[in-house]
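Visitor: As input, take input10.cif (mmCIF, C-alpha atoms):
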data_upload
#
loop_
_atom_site.group_PDB
_atom_site.id
_atom_site.type_symbol
_atom_site.label_atom_id
_atom_site.label_comp_id
_atom_site.auth_asym_id
_atom_site.auth_seq_id
_atom_site.Cartn_x
_atom_site.Cartn_y
_atom_site.Cartn_z
ATOM 1 C CA MET A 1 0.000 0.000 0.000
ATOM 2 C CA ASP A 2 1.255 3.441 -0.868
ATOM 3 C CA LYS A 3 1.455 5.365 2.407
ATOM 4 C CA SER A 4 2.766 8.560 0.854
ATOM 5 C CA TRP A 5 0.806 11.719 1.623
ATOM 6 C CA LEU A 6 0.312 12.453 -2.076
ATOM 7 C CA GLY A 7 -0.413 8.895 -3.272
ATOM 8 C CA THR A 8 2.784 8.997 -5.332
ATOM 9 C CA ARG A 9 6.532 9.234 -4.870
ATOM 10 C CA VAL A 10 7.321 10.076 -8.489
ATOM 11 C CA VAL A 11 8.937 13.489 -8.893
ATOM 12 C CA THR A 12 7.897 14.749 -12.339
ATOM 13 C CA GLN A 13 9.490 18.174 -12.419
ATOM 14 C CA ILE A 14 12.168 20.375 -10.949
ATOM 15 C CA GLY A 15 11.455 24.090 -11.261
ATOM 16 C CA ILE A 16 14.311 26.591 -11.582
ATOM 17 C CA LEU A 17 13.902 30.359 -11.223
ATOM 18 C CA VAL A 18 15.842 32.458 -13.710
ATOM 19 C CA ASN A 19 16.204 36.128 -14.660
ATOM 20 C CA ASP A 20 16.608 35.625 -18.409
ATOM 21 C CA ILE A 21 14.728 32.648 -19.805
ATOM 22 C CA GLU A 22 16.153 33.158 -23.301
ATOM 23 C CA ALA A 23 19.750 32.865 -22.151
ATOM 24 C CA VAL A 24 19.197 30.023 -19.685
ATOM 25 C CA SER A 25 17.039 28.079 -22.188
ATOM 26 C CA GLN A 26 19.864 28.317 -24.709
ATOM 27 C CA ALA A 27 22.358 27.066 -22.107
ATOM 28 C CA TYR A 28 20.178 24.059 -21.219
ATOM 29 C CA ALA A 29 19.501 23.329 -24.896
ATOM 30 C CA ASP A 30 23.256 23.276 -25.602
ATOM 31 C CA PHE A 31 24.019 21.198 -22.492
ATOM 32 C CA LEU A 32 21.275 18.662 -23.221
ATOM 33 C CA GLY A 33 21.807 18.617 -26.997
ATOM 34 C CA VAL A 34 18.272 19.616 -27.963
ATOM 35 C CA GLU A 35 16.615 22.459 -29.829
ATOM 36 C CA LYS A 36 15.903 25.506 -27.712
ATOM 37 C CA PRO A 37 12.206 25.234 -26.841
ATOM 38 C CA ALA A 38 9.884 28.217 -27.195
ATOM 39 C CA TRP A 39 8.866 29.710 -23.853
ATOM 40 C CA SER A 40 5.268 30.635 -23.129
ATOM 41 C CA TRP A 41 3.498 32.895 -20.638
ATOM 42 C CA THR A 42 1.365 31.419 -17.896
ATOM 43 C CA ASP A 43 -2.280 32.351 -18.462
ATOM 44 C CA PRO A 44 -3.406 35.835 -17.420
ATOM 45 C CA ALA A 45 -4.960 36.094 -13.964
ATOM 46 C CA GLU A 46 -8.567 36.126 -15.188
ATOM 47 C CA VAL A 47 -8.009 32.818 -17.012
ATOM 48 C CA ALA A 48 -5.649 31.202 -14.495
ATOM 49 C CA ARG A 49 -7.665 32.515 -11.539
ATOM 50 C CA THR A 50 -4.362 32.842 -9.728
ATOM 51 C CA GLU A 51 -4.378 33.227 -5.951
ATOM 52 C CA TYR A 52 -1.263 34.139 -4.008
ATOM 53 C CA ASN A 53 -1.353 34.151 -0.207
ATOM 54 C CA GLY A 54 -5.132 33.827 -0.336
ATOM 55 C CA GLN A 55 -5.739 36.823 -2.625
ATOM 56 C CA PRO A 56 -6.357 37.105 -6.369
ATOM 57 C CA ALA A 57 -2.978 37.871 -7.939
ATOM 58 C CA ALA A 58 -1.851 39.182 -11.311
ATOM 59 C CA GLY A 59 1.679 37.732 -11.281
ATOM 60 C CA ARG A 60 2.669 35.696 -14.333
ATOM 61 C CA ALA A 61 5.776 33.914 -15.560
ATOM 62 C CA LYS A 62 7.474 32.770 -18.737
ATOM 63 C CA LEU A 63 7.945 28.975 -18.747
ATOM 64 C CA ALA A 64 10.178 26.642 -20.765
ATOM 65 C CA PHE A 65 10.450 22.860 -20.419
ATOM 66 C CA PHE A 66 13.133 20.233 -21.034
ATOM 67 C CA ASP A 67 12.573 16.459 -20.891
ATOM 68 C CA CYS A 68 15.253 14.659 -18.875
ATOM 69 C CA GLY A 69 13.952 11.108 -18.642
ATOM 70 C CA GLN A 70 11.036 10.832 -16.219
ATOM 71 C CA LEU A 71 11.858 14.305 -15.007
ATOM 72 C CA GLN A 72 11.097 17.611 -16.650
ATOM 73 C CA ILE A 73 13.262 20.656 -16.012
ATOM 74 C CA GLU A 74 11.043 23.752 -15.887
ATOM 75 C CA LEU A 75 12.623 27.192 -16.257
ATOM 76 C CA ILE A 76 10.579 30.034 -14.776
ATOM 77 C CA GLU A 77 11.117 33.745 -15.382
ATOM 78 C CA PRO A 78 8.527 35.634 -13.313
ATOM 79 C CA ASP A 79 7.237 39.084 -14.205
ATOM 80 C CA GLU A 80 7.615 41.895 -11.669
ATOM 81 C CA GLN A 81 4.250 41.431 -9.930
ATOM 82 C CA PRO A 82 4.059 39.510 -6.643
ATOM 83 C CA SER A 83 3.999 35.709 -6.925
ATOM 84 C CA THR A 84 5.712 32.816 -5.193
ATOM 85 C CA TRP A 85 8.188 32.897 -8.075
ATOM 86 C CA ARG A 86 8.978 36.636 -7.954
ATOM 87 C CA ASP A 87 9.230 36.792 -4.177
ATOM 88 C CA TYR A 88 11.488 33.734 -3.942
ATOM 89 C CA LEU A 89 13.691 34.988 -6.788
ATOM 90 C CA ASN A 90 14.079 38.389 -5.132
ATOM 91 C CA GLU A 91 14.960 36.789 -1.815
ATOM 92 C CA HIS A 92 17.145 33.873 -2.897
ATOM 93 C CA GLY A 93 18.372 34.631 -6.404
ATOM 94 C CA GLU A 94 18.323 32.249 -9.321
ATOM 95 C CA GLY A 95 18.205 28.514 -8.749
ATOM 96 C CA PRO A 96 15.970 25.534 -7.945
ATOM 97 C CA HIS A 97 12.595 26.430 -6.418
ATOM 98 C CA HIS A 98 10.394 23.309 -6.315
ATOM 99 C CA ILE A 99 9.827 19.677 -7.151
ATOM 100 C CA ALA A 100 6.448 18.633 -8.557
ATOM 101 C CA PHE A 101 4.171 15.611 -8.185
ATOM 102 C CA VAL A 102 1.156 14.742 -10.362
ATOM 103 C CA ILE A 103 -1.716 14.007 -7.987
ATOM 104 C CA ASP A 104 -5.462 13.297 -7.878
ATOM 105 C CA GLY A 105 -7.842 15.220 -5.641
ATOM 106 C CA MET A 106 -6.323 18.691 -5.432
ATOM 107 C CA LYS A 107 -8.596 20.021 -2.678
ATOM 108 C CA GLU A 108 -8.035 17.068 -0.335
ATOM 109 C CA LYS A 109 -4.282 17.055 -0.953
ATOM 110 C CA ILE A 110 -3.992 20.787 -0.227
ATOM 111 C CA THR A 111 -5.960 20.356 3.014
ATOM 112 C CA LEU A 112 -3.851 17.378 4.078
ATOM 113 C CA LEU A 113 -0.533 19.137 3.471
ATOM 114 C CA GLU A 114 -1.737 22.326 5.194
ATOM 115 C CA LYS A 115 -2.695 20.303 8.279
ATOM 116 C CA ARG A 116 0.812 18.881 8.309
ATOM 117 C CA GLY A 117 2.658 22.183 8.252
ATOM 118 C CA MET A 118 3.001 22.819 4.512
ATOM 119 C CA PRO A 119 0.766 25.825 3.800
ATOM 120 C CA LEU A 120 -0.625 26.700 0.386
ATOM 121 C CA ALA A 121 1.098 29.745 -1.102
ATOM 122 C CA GLN A 122 -0.183 29.991 -4.665
ATOM 123 C CA LYS A 123 -2.623 28.172 -6.899
ATOM 124 C CA GLY A 124 -4.053 28.578 -10.360
ATOM 125 C CA GLU A 125 -5.398 26.921 -13.476
ATOM 126 C CA TYR A 126 -3.761 26.012 -16.763
ATOM 127 C CA THR A 127 -5.220 24.502 -19.909
ATOM 128 C CA GLY A 128 -6.107 20.954 -18.888
ATOM 129 C CA GLY A 129 -5.454 21.184 -15.184
ATOM 130 C CA ARG A 130 -4.500 23.111 -12.076
ATOM 131 C CA TYR A 131 -1.490 23.630 -9.808
ATOM 132 C CA ALA A 132 -0.745 24.503 -6.213
ATOM 133 C CA TYR A 133 2.509 25.533 -4.545
ATOM 134 C CA MET A 134 2.858 24.263 -0.985
ATOM 135 C CA ASP A 135 5.515 25.768 1.281
ATOM 136 C CA ALA A 136 7.452 22.751 2.537
ATOM 137 C CA THR A 137 10.609 24.731 3.241
ATOM 138 C CA ARG A 138 10.366 24.179 7.011
ATOM 139 C CA ASP A 139 10.368 20.379 6.810
ATOM 140 C CA LEU A 140 11.529 19.355 3.305
ATOM 141 C CA LYS A 141 13.712 22.428 2.595
ATOM 142 C CA LEU A 142 12.011 23.201 -0.705
ATOM 143 C CA TRP A 143 8.636 23.965 -2.287
ATOM 144 C CA ILE A 144 6.275 21.224 -3.414
ATOM 145 C CA GLU A 145 4.137 21.782 -6.507
ATOM 146 C CA LEU A 146 0.978 19.730 -6.925
ATOM 147 C CA LEU A 147 -0.226 19.206 -10.496
ATOM 148 C CA GLU A 148 -3.670 17.787 -11.274
ATOM 149 C CA ASN A 149 -4.536 17.088 -14.890
ATOM 150 C CA ASP A 150 -8.101 16.677 -16.136
ATOM 151 C CA LYS A 151 -8.929 13.136 -17.247
ATOM 152 C CA MET B 1 22.395 10.786 -32.187
ATOM 153 C CA ASP B 2 22.642 12.070 -28.642
ATOM 154 C CA LYS B 3 24.213 15.515 -28.875
ATOM 155 C CA SER B 4 24.156 16.164 -25.136
ATOM 156 C CA TRP B 5 27.480 17.133 -23.578
ATOM 157 C CA LEU B 6 27.279 14.272 -21.071
ATOM 158 C CA GLY B 7 25.930 11.565 -23.418
ATOM 159 C CA THR B 8 22.719 11.454 -21.361
ATOM 160 C CA ARG B 9 19.780 13.647 -20.436
ATOM 161 C CA VAL B 10 18.559 11.482 -17.568
ATOM 162 C CA VAL B 11 18.668 13.281 -14.223
ATOM 163 C CA THR B 12 19.237 10.596 -11.595
ATOM 164 C CA GLN B 13 19.457 12.626 -8.417
ATOM 165 C CA ILE B 14 18.575 15.902 -6.787
ATOM 166 C CA GLY B 15 20.834 16.819 -3.867
ATOM 167 C CA ILE B 16 19.485 18.889 -0.970
ATOM 168 C CA LEU B 17 21.672 20.502 1.700
ATOM 169 C CA VAL B 18 20.337 20.271 5.262
ATOM 170 C CA ASN B 19 21.480 21.168 8.760
ATOM 171 C CA ASP B 20 19.925 18.190 10.556
ATOM 172 C CA ILE B 21 19.788 15.018 8.487
ATOM 173 C CA GLU B 22 17.891 13.122 11.204
ATOM 174 C CA ALA B 23 14.993 15.575 11.265
ATOM 175 C CA VAL B 24 14.810 16.121 7.504
ATOM 176 C CA SER B 25 15.076 12.371 6.794
ATOM 177 C CA GLN B 26 12.129 11.786 9.121
ATOM 178 C CA ALA B 27 10.127 14.497 7.341
ATOM 179 C CA TYR B 28 10.813 12.969 3.904
ATOM 180 C CA ALA B 29 10.082 9.466 5.177
ATOM 181 C CA ASP B 30 6.702 10.633 6.494
ATOM 182 C CA PHE B 31 5.903 12.599 3.346
ATOM 183 C CA LEU B 32 6.877 9.739 1.020
ATOM 184 C CA GLY B 33 5.409 6.980 3.207
ATOM 185 C CA VAL B 34 8.614 4.986 3.616
ATOM 186 C CA GLU B 35 10.840 3.884 6.478
ATOM 187 C CA LYS B 36 13.408 6.452 7.520
ATOM 188 C CA PRO B 37 16.655 5.315 5.871
ATOM 189 C CA ALA B 38 19.909 5.147 7.825
ATOM 190 C CA TRP B 39 22.337 7.923 6.899
ATOM 191 C CA SER B 40 26.009 7.213 6.271
ATOM 192 C CA TRP B 41 29.193 9.261 6.214
ATOM 193 C CA THR B 42 31.041 9.856 2.963
ATOM 194 C CA ASP B 43 34.403 8.093 3.071
ATOM 195 C CA PRO B 44 37.247 9.802 4.947
ATOM 196 C CA ALA B 45 39.580 11.922 2.825
ATOM 197 C CA GLU B 46 42.326 9.314 2.597
ATOM 198 C CA VAL B 47 39.857 6.791 1.136
ATOM 199 C CA ALA B 48 37.763 9.213 -0.923
ATOM 200 C CA ARG B 49 40.857 11.149 -2.054
ATOM 201 C CA THR B 50 38.676 14.233 -1.928
ATOM 202 C CA GLU B 51 39.860 17.365 -3.717
ATOM 203 C CA TYR B 52 38.150 20.719 -3.273
ATOM 204 C CA ASN B 53 39.227 23.681 -5.392
ATOM 205 C CA GLY B 54 42.247 21.694 -6.548
ATOM 206 C CA GLN B 55 43.554 20.822 -3.066
ATOM 207 C CA PRO B 56 43.231 17.678 -0.928
ATOM 208 C CA ALA B 57 40.298 18.311 1.410
ATOM 209 C CA ALA B 58 39.070 16.696 4.608
ATOM 210 C CA GLY B 59 35.399 17.758 4.354
ATOM 211 C CA ARG B 60 32.841 14.994 4.702
ATOM 212 C CA ALA B 61 29.066 14.741 4.796
ATOM 213 C CA LYS B 62 26.256 12.560 6.098
ATOM 214 C CA LEU B 63 24.111 11.235 3.234
ATOM 215 C CA ALA B 64 20.608 9.739 3.088
ATOM 216 C CA PHE B 65 18.715 8.622 -0.031
ATOM 217 C CA PHE B 66 15.066 8.319 -1.068
ATOM 218 C CA ASP B 67 13.825 6.660 -4.283
ATOM 219 C CA CYS B 68 11.241 8.777 -6.119
ATOM 220 C CA GLY B 69 10.771 6.938 -9.390
ATOM 221 C CA GLN B 70 13.742 7.409 -11.713
ATOM 222 C CA LEU B 71 14.980 10.137 -9.427
ATOM 223 C CA GLN B 72 16.729 9.802 -6.096
ATOM 224 C CA ILE B 73 16.466 12.526 -3.480
ATOM 225 C CA GLU B 74 19.808 12.842 -1.676
ATOM 226 C CA LEU B 75 19.973 14.653 1.654
ATOM 227 C CA ILE B 76 23.401 16.024 2.544
ATOM 228 C CA GLU B 77 24.521 17.284 5.966
ATOM 229 C CA PRO B 78 28.112 18.480 5.629
ATOM 230 C CA ASP B 79 30.572 18.567 8.510
ATOM 231 C CA GLU B 80 32.230 21.881 9.424
ATOM 232 C CA GLN B 81 35.296 21.496 7.213
ATOM 233 C CA PRO B 82 35.431 23.237 3.817
ATOM 234 C CA SER B 83 33.649 21.460 0.961
ATOM 235 C CA THR B 84 31.303 22.471 -1.839
ATOM 236 C CA TRP B 85 28.496 21.362 0.473
ATOM 237 C CA ARG B 86 29.597 23.334 3.569
ATOM 238 C CA ASP B 87 30.435 26.503 1.662
ATOM 239 C CA TYR B 88 27.165 26.497 -0.292
ATOM 240 C CA LEU B 89 25.137 25.767 2.845
ATOM 241 C CA ASN B 90 26.812 28.625 4.721
ATOM 242 C CA GLU B 91 26.196 31.020 1.851
ATOM 243 C CA HIS B 92 22.696 29.995 0.701
ATOM 244 C CA GLY B 93 21.109 28.116 3.587
ATOM 245 C CA GLU B 94 19.280 24.810 3.305
ATOM 246 C CA GLY B 95 17.802 23.711 -0.007
ATOM 247 C CA PRO B 96 18.542 22.114 -3.381
ATOM 248 C CA HIS B 97 22.213 22.116 -4.407
ATOM 249 C CA HIS B 98 22.657 19.928 -7.503
ATOM 250 C CA ILE B 99 21.232 17.552 -10.067
ATOM 251 C CA ALA B 100 23.239 14.459 -10.998
ATOM 252 C CA PHE B 101 23.876 12.487 -14.177
ATOM 253 C CA VAL B 102 25.459 9.025 -14.452
ATOM 254 C CA ILE B 103 28.171 9.276 -17.094
ATOM 255 C CA ASP B 104 31.036 7.353 -18.700
ATOM 256 C CA GLY B 105 34.530 8.786 -19.038
ATOM 257 C CA MET B 106 34.915 11.043 -16.021
ATOM 258 C CA LYS B 107 38.172 12.710 -17.098
ATOM 259 C CA GLU B 108 36.929 13.642 -20.573
ATOM 260 C CA LYS B 109 33.587 14.893 -19.257
ATOM 261 C CA ILE B 110 35.262 17.088 -16.638
ATOM 262 C CA THR B 111 37.577 18.570 -19.295
ATOM 263 C CA LEU B 112 34.688 19.195 -21.684
ATOM 264 C CA LEU B 113 32.536 20.955 -19.075
ATOM 265 C CA GLU B 114 35.480 23.027 -17.835
ATOM 266 C CA LYS B 115 36.157 24.220 -21.389
ATOM 267 C CA ARG B 116 32.532 25.296 -21.607
ATOM 268 C CA GLY B 117 32.483 27.424 -18.471
ATOM 269 C CA MET B 118 31.514 24.888 -15.825
ATOM 270 C CA PRO B 119 34.617 24.471 -13.631
ATOM 271 C CA LEU B 120 35.321 21.497 -11.417
ATOM 272 C CA ALA B 121 34.868 22.337 -7.738
ATOM 273 C CA GLN B 122 35.139 19.032 -5.911
ATOM 274 C CA LYS B 123 35.778 15.405 -6.738
ATOM 275 C CA GLY B 124 36.257 12.173 -4.887
ATOM 276 C CA GLU B 125 35.825 8.421 -4.812
ATOM 277 C CA TYR B 126 33.142 6.226 -3.291
ATOM 278 C CA THR B 127 32.875 2.453 -3.124
ATOM 279 C CA GLY B 128 32.255 1.423 -6.719
ATOM 280 C CA GLY B 129 32.790 4.744 -8.421
ATOM 281 C CA ARG B 130 33.683 8.423 -8.379
ATOM 282 C CA TYR B 131 31.963 11.796 -8.429
ATOM 283 C CA ALA B 132 32.667 15.349 -9.535
ATOM 284 C CA TYR B 133 30.807 18.581 -8.802
ATOM 285 C CA MET B 134 30.865 21.049 -11.683
ATOM 286 C CA ASP B 135 29.917 24.666 -11.053
ATOM 287 C CA ALA B 136 27.184 25.339 -13.614
ATOM 288 C CA THR B 137 25.628 28.155 -11.616
ATOM 289 C CA ARG B 138 26.558 30.814 -14.198
ATOM 290 C CA ASP B 139 24.742 29.123 -17.105
ATOM 291 C CA LEU B 140 22.374 26.484 -15.669
ATOM 292 C CA LYS B 141 21.749 28.154 -12.278
ATOM 293 C CA LEU B 142 22.696 25.066 -10.273
ATOM 294 C CA TRP B 143 25.490 22.571 -9.676
ATOM 295 C CA ILE B 144 25.930 19.482 -11.831
ATOM 296 C CA GLU B 145 27.193 16.269 -10.241
ATOM 297 C CA LEU B 146 28.812 13.657 -12.457
ATOM 298 C CA LEU B 147 28.663 10.067 -11.211
ATOM 299 C CA GLU B 148 30.714 7.301 -12.805
ATOM 300 C CA ASN B 149 30.185 3.761 -11.579
ATOM 301 C CA ASP B 150 32.679 0.952 -12.144
ATOM 302 C CA LYS B 151 31.436 -1.707 -14.568
#
For the file at hand, write its structure as structure tokens.

Guide:
Amino acid sequence: MDKSWLGTRVVTQIGILVNDIEAVSQAYADFLGVEKPAWSWTDPAEVARTEYNGQPAAGRAKLAFFDCGQLQIELIEPDEQPSTWRDYLNEHGEGPHHIAFVIDGMKEKITLLEKRGMPLAQKGEYTGGRYAYMDATRDLKLWIELLENDK
Amino acid sequence: MDKSWLGTRVVTQIGILVNDIEAVSQAYADFLGVEKPAWSWTDPAEVARTEYNGQPAAGRAKLAFFDCGQLQIELIEPDEQPSTWRDYLNEHGEGPHHIAFVIDGMKEKITLLEKRGMPLAQKGEYTGGRYAYMDATRDLKLWIELLENDK
């Protein structure tokens, strides 16, 4: 029986905050021997229904993805508006921000993690699913992203 | 043809620096629903033949591992002597430090990465293989660990 809190132990993504997604995407493309992928903006707030620290939030980010086996490397260049990305980048500088797990039952999983000391910081929608960033820095020393994809 | 610099794109490990490996191991064990693994010391300098910034170095660390699908989460609690782990922990605090790739041809791979702006910071031996930490923070915004296992 899987006793993990999320019903999975498979890390699907590592998210890395960067200042210049064009330059860092080119560096990863060279290093990994692949074409530089196009980056794309996260959806605007009215589509993504973004909430940050419990309030509607306008912060967005440019995203680019690289497949590294089971794991995806996600580069994130936030805009200047408040978000978990922008605030962490300002405080800590560029570098790894989170690991992600694909889960079922977003609401229940958020509640369970919050009860266990990993509060929700930001959530939103994307085409085909939704995400939530849980602050696990106290116990796990990083952020956990939950991803739920529509069936 | 694989055009990646390392001959692989598979990330096998994410390394996380911590101050208290007992407490953080327990937190990961709970979160992942597994038994808390025993931690172990890296080999002493005379066995590991550790070099840090080109000089023999006595720094060691406690390590603990968790399997998360293809990826292993490695917790690292360095001792107080200089090492890439101790210096990064002092400067940046707890959190992710590196991603690792299993490679063939350690010497050639180190030379290739150094030529491309990712200098060697630390290397050493472990039972059955050897490792090298390459400073890719300028271009990739994190450290790269190379792991070569004996056949």

Visitor: Could you give me chain A least-squares fitted onto chain B (all C-alpha atoms, paired in order), as a short mmCIF file (atom, residue, chain, number, x, y, z; two decimals) with C-alpha atoms, in the frame of the given file?

Guide:
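selection.cif, freshly written:
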data_model
loop_
_atom_site.label_atom_id
_atom_site.label_comp_id
_atom_site.auth_asym_id
_atom_site.auth_seq_id
_atom_site.Cartn_x
_atom_site.Cartn_y
_atom_site.Cartn_z
CA MET A 1 22.32 10.77 -32.15
CA ASP A 2 22.62 12.05 -28.62
CA LYS A 3 24.20 15.50 -28.86
CA SER A 4 24.16 16.16 -25.13
CA TRP A 5 27.48 17.13 -23.57
CA LEU A 6 27.28 14.27 -21.07
CA GLY A 7 25.93 11.56 -23.41
CA THR A 8 22.73 11.45 -21.35
CA ARG A 9 19.79 13.65 -20.44
CA VAL A 10 18.57 11.49 -17.57
CA VAL A 11 18.67 13.29 -14.22
CA THR A 12 19.23 10.59 -11.59
CA GLN A 13 19.45 12.63 -8.42
CA ILE A 14 18.58 15.92 -6.80
CA GLY A 15 20.82 16.83 -3.87
CA ILE A 16 19.48 18.90 -0.97
CA LEU A 17 21.66 20.51 1.70
CA VAL A 18 20.34 20.28 5.25
CA ASN A 19 21.48 21.17 8.77
CA ASP A 20 19.93 18.19 10.55
CA ILE A 21 19.78 15.02 8.48
CA GLU A 22 17.90 13.12 11.19
CA ALA A 23 15.01 15.57 11.26
CA VAL A 24 14.81 16.13 7.51
CA SER A 25 15.09 12.37 6.79
CA GLN A 26 12.15 11.78 9.11
CA ALA A 27 10.13 14.49 7.33
CA TYR A 28 10.82 12.98 3.90
CA ALA A 29 10.10 9.46 5.18
CA ASP A 30 6.71 10.62 6.51
CA PHE A 31 5.91 12.60 3.34
CA LEU A 32 6.87 9.74 1.02
CA GLY A 33 5.41 6.98 3.22
CA VAL A 34 8.62 4.98 3.62
CA GLU A 35 10.85 3.88 6.47
CA LYS A 36 13.42 6.45 7.52
CA PRO A 37 16.65 5.32 5.86
CA ALA A 38 19.91 5.16 7.80
CA TRP A 39 22.33 7.93 6.87
CA SER A 40 26.00 7.21 6.26
CA TRP A 41 29.19 9.27 6.20
CA THR A 42 31.03 9.86 2.96
CA ASP A 43 34.40 8.10 3.06
CA PRO A 44 37.24 9.80 4.94
CA ALA A 45 39.58 11.91 2.83
CA GLU A 46 42.33 9.29 2.59
CA VAL A 47 39.85 6.78 1.13
CA ALA A 48 37.76 9.21 -0.93
CA ARG A 49 40.85 11.14 -2.05
CA THR A 50 38.67 14.24 -1.93
CA GLU A 51 39.85 17.37 -3.73
CA TYR A 52 38.14 20.71 -3.27
CA ASN A 53 39.21 23.68 -5.39
CA GLY A 54 42.23 21.70 -6.56
CA GLN A 55 43.54 20.81 -3.08
CA PRO A 56 43.21 17.68 -0.95
CA ALA A 57 40.30 18.31 1.41
CA ALA A 58 39.07 16.69 4.61
CA GLY A 59 35.41 17.76 4.37
CA ARG A 60 32.84 14.99 4.71
CA ALA A 61 29.06 14.74 4.79
CA LYS A 62 26.26 12.56 6.09
CA LEU A 63 24.10 11.25 3.22
CA ALA A 64 20.61 9.75 3.07
CA PHE A 65 18.72 8.63 -0.04
CA PHE A 66 15.07 8.33 -1.07
CA ASP A 67 13.83 6.67 -4.28
CA CYS A 68 11.26 8.78 -6.12
CA GLY A 69 10.78 6.94 -9.40
CA GLN A 70 13.75 7.40 -11.72
CA LEU A 71 14.98 10.13 -9.43
CA GLN A 72 16.72 9.80 -6.10
CA ILE A 73 16.46 12.53 -3.49
CA GLU A 74 19.81 12.85 -1.69
CA LEU A 75 19.97 14.66 1.65
CA ILE A 76 23.40 16.03 2.54
CA GLU A 77 24.50 17.29 5.95
CA PRO A 78 28.11 18.48 5.63
CA ASP A 79 30.57 18.56 8.51
CA GLU A 80 32.21 21.87 9.43
CA GLN A 81 35.30 21.50 7.22
CA PRO A 82 35.43 23.24 3.83
CA SER A 83 33.65 21.47 0.96
CA THR A 84 31.31 22.47 -1.83
CA TRP A 85 28.50 21.37 0.47
CA ARG A 86 29.59 23.33 3.57
CA ASP A 87 30.43 26.50 1.67
CA TYR A 88 27.17 26.50 -0.29
CA LEU A 89 25.14 25.77 2.85
CA ASN A 90 26.82 28.62 4.72
CA GLU A 91 26.19 31.01 1.85
CA HIS A 92 22.71 30.00 0.72
CA GLY A 93 21.11 28.10 3.58
CA GLU A 94 19.29 24.81 3.30
CA GLY A 95 17.81 23.71 0.00
CA PRO A 96 18.53 22.12 -3.39
CA HIS A 97 22.20 22.12 -4.41
CA HIS A 98 22.65 19.94 -7.51
CA ILE A 99 21.23 17.56 -10.06
CA ALA A 100 23.25 14.46 -10.99
CA PHE A 101 23.87 12.49 -14.18
CA VAL A 102 25.46 9.03 -14.45
CA ILE A 103 28.17 9.28 -17.10
CA ASP A 104 31.05 7.35 -18.70
CA GLY A 105 34.54 8.79 -19.04
CA MET A 106 34.91 11.05 -16.01
CA LYS A 107 38.17 12.71 -17.08
CA GLU A 108 36.94 13.64 -20.57
CA LYS A 109 33.59 14.88 -19.25
CA ILE A 110 35.26 17.08 -16.63
CA THR A 111 37.58 18.56 -19.28
CA LEU A 112 34.69 19.19 -21.67
CA LEU A 113 32.53 20.95 -19.08
CA GLU A 114 35.48 23.03 -17.83
CA LYS A 115 36.16 24.22 -21.38
CA ARG A 116 32.54 25.29 -21.61
CA GLY A 117 32.49 27.43 -18.48
CA MET A 118 31.51 24.88 -15.82
CA PRO A 119 34.61 24.49 -13.63
CA LEU A 120 35.30 21.50 -11.42
CA ALA A 121 34.87 22.34 -7.73
CA GLN A 122 35.14 19.03 -5.90
CA LYS A 123 35.78 15.40 -6.74
CA GLY A 124 36.27 12.17 -4.87
CA GLU A 125 35.83 8.42 -4.81
CA TYR A 126 33.17 6.21 -3.28
CA THR A 127 32.89 2.44 -3.11
CA GLY A 128 32.26 1.42 -6.72
CA GLY A 129 32.78 4.74 -8.42
CA ARG A 130 33.68 8.41 -8.36
CA TYR A 131 31.96 11.81 -8.42
CA ALA A 132 32.67 15.34 -9.53
CA TYR A 133 30.82 18.58 -8.79
CA MET A 134 30.87 21.05 -11.67
CA ASP A 135 29.91 24.67 -11.04
CA ALA A 136 27.20 25.35 -13.62
CA THR A 137 25.62 28.16 -11.62
CA ARG A 138 26.55 30.81 -14.21
CA ASP A 139 24.74 29.13 -17.10
CA LEU A 140 22.37 26.48 -15.66
CA LYS A 141 21.76 28.16 -12.27
CA LEU A 142 22.70 25.08 -10.28
CA TRP A 143 25.50 22.57 -9.68
CA ILE A 144 25.93 19.49 -11.84
CA GLU A 145 27.20 16.28 -10.24
CA LEU A 146 28.81 13.66 -12.46
CA LEU A 147 28.66 10.07 -11.21
CA GLU A 148 30.72 7.30 -12.80
CA ASN A 149 30.19 3.76 -11.58
CA ASP A 150 32.69 0.96 -12.14
CA LYS A 151 31.46 -1.72 -14.54
#

Visitor: Should the cut-off be 9 Å, what would the residue list for chain B against chain A look like, counting all atoms listed in the file, as number ranges by chain?

Guide: B: 2-12, 14, 16-18, 23-25, 27-34, 67-71, 92, 94-98, 137, 139-142

Visitor: Please report the interatomic distance between CA of Glu148 in chain A and CA of Phe65 in chain B in Å with one decimal.

Guide: 26.7 Å

Visitor: Which residue is closest to Glu22 in chain B? Choose from B:Asp104, B:Asp150, B:Glu125, B:Glu77 and count all atoms listed in the file.

Guide: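 The answer is B:Glu77, which sits nearest to Glu22 in chain B.
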
Visitor: With the file shown as input, list the residues that the PyMOL selection byres ((chain B and resi 147) around 12) selects, as an NGL selection string.

Guide: :B and (6 or 8 or 11-13 or 99-107 or 109-110 or 123-134 or 144-146 or 148-150)

Visitor: Give me the residues near Pro82 in chain B as a list of chain:residue names, where near means some atom within 9 Å (using all atoms listed in the file) and where sequence neighbours in that chain fewer than 5 positions away do not count.

Guide: B:Tyr52, B:Ala57, B:Ala58, B:Gly59, B:Arg60, B:Asp87

Visitor: Just to confirm, what's the straight-line distance from CA of Pro56 in chain A to CA of Leu120 in chain A in Å (one decimal)?

Guide: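 CA of Leu120 in chain A lies 13.7 Å from CA of Pro56 in chain A.
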
Visitor: To one decimal place, how far is CA of Ala64 in chain A from CA of Trp39 in chain A in Å?

Guide: 4.5 Å

Visitor: Let me know the centre plus edge lengths, in Å and rounded to one decimal, of a box with edges along x, y and z that contains all listed atoms of range 119-137 of chain B and is padded by 4 Å on every side, as lines of an AutoDock Vina configuration file.

Guide:
center_x = 30.9
center_y = 14.8
center_z = -8.4
size_x = 18.6
size_y = 34.7
size_z = 18.5
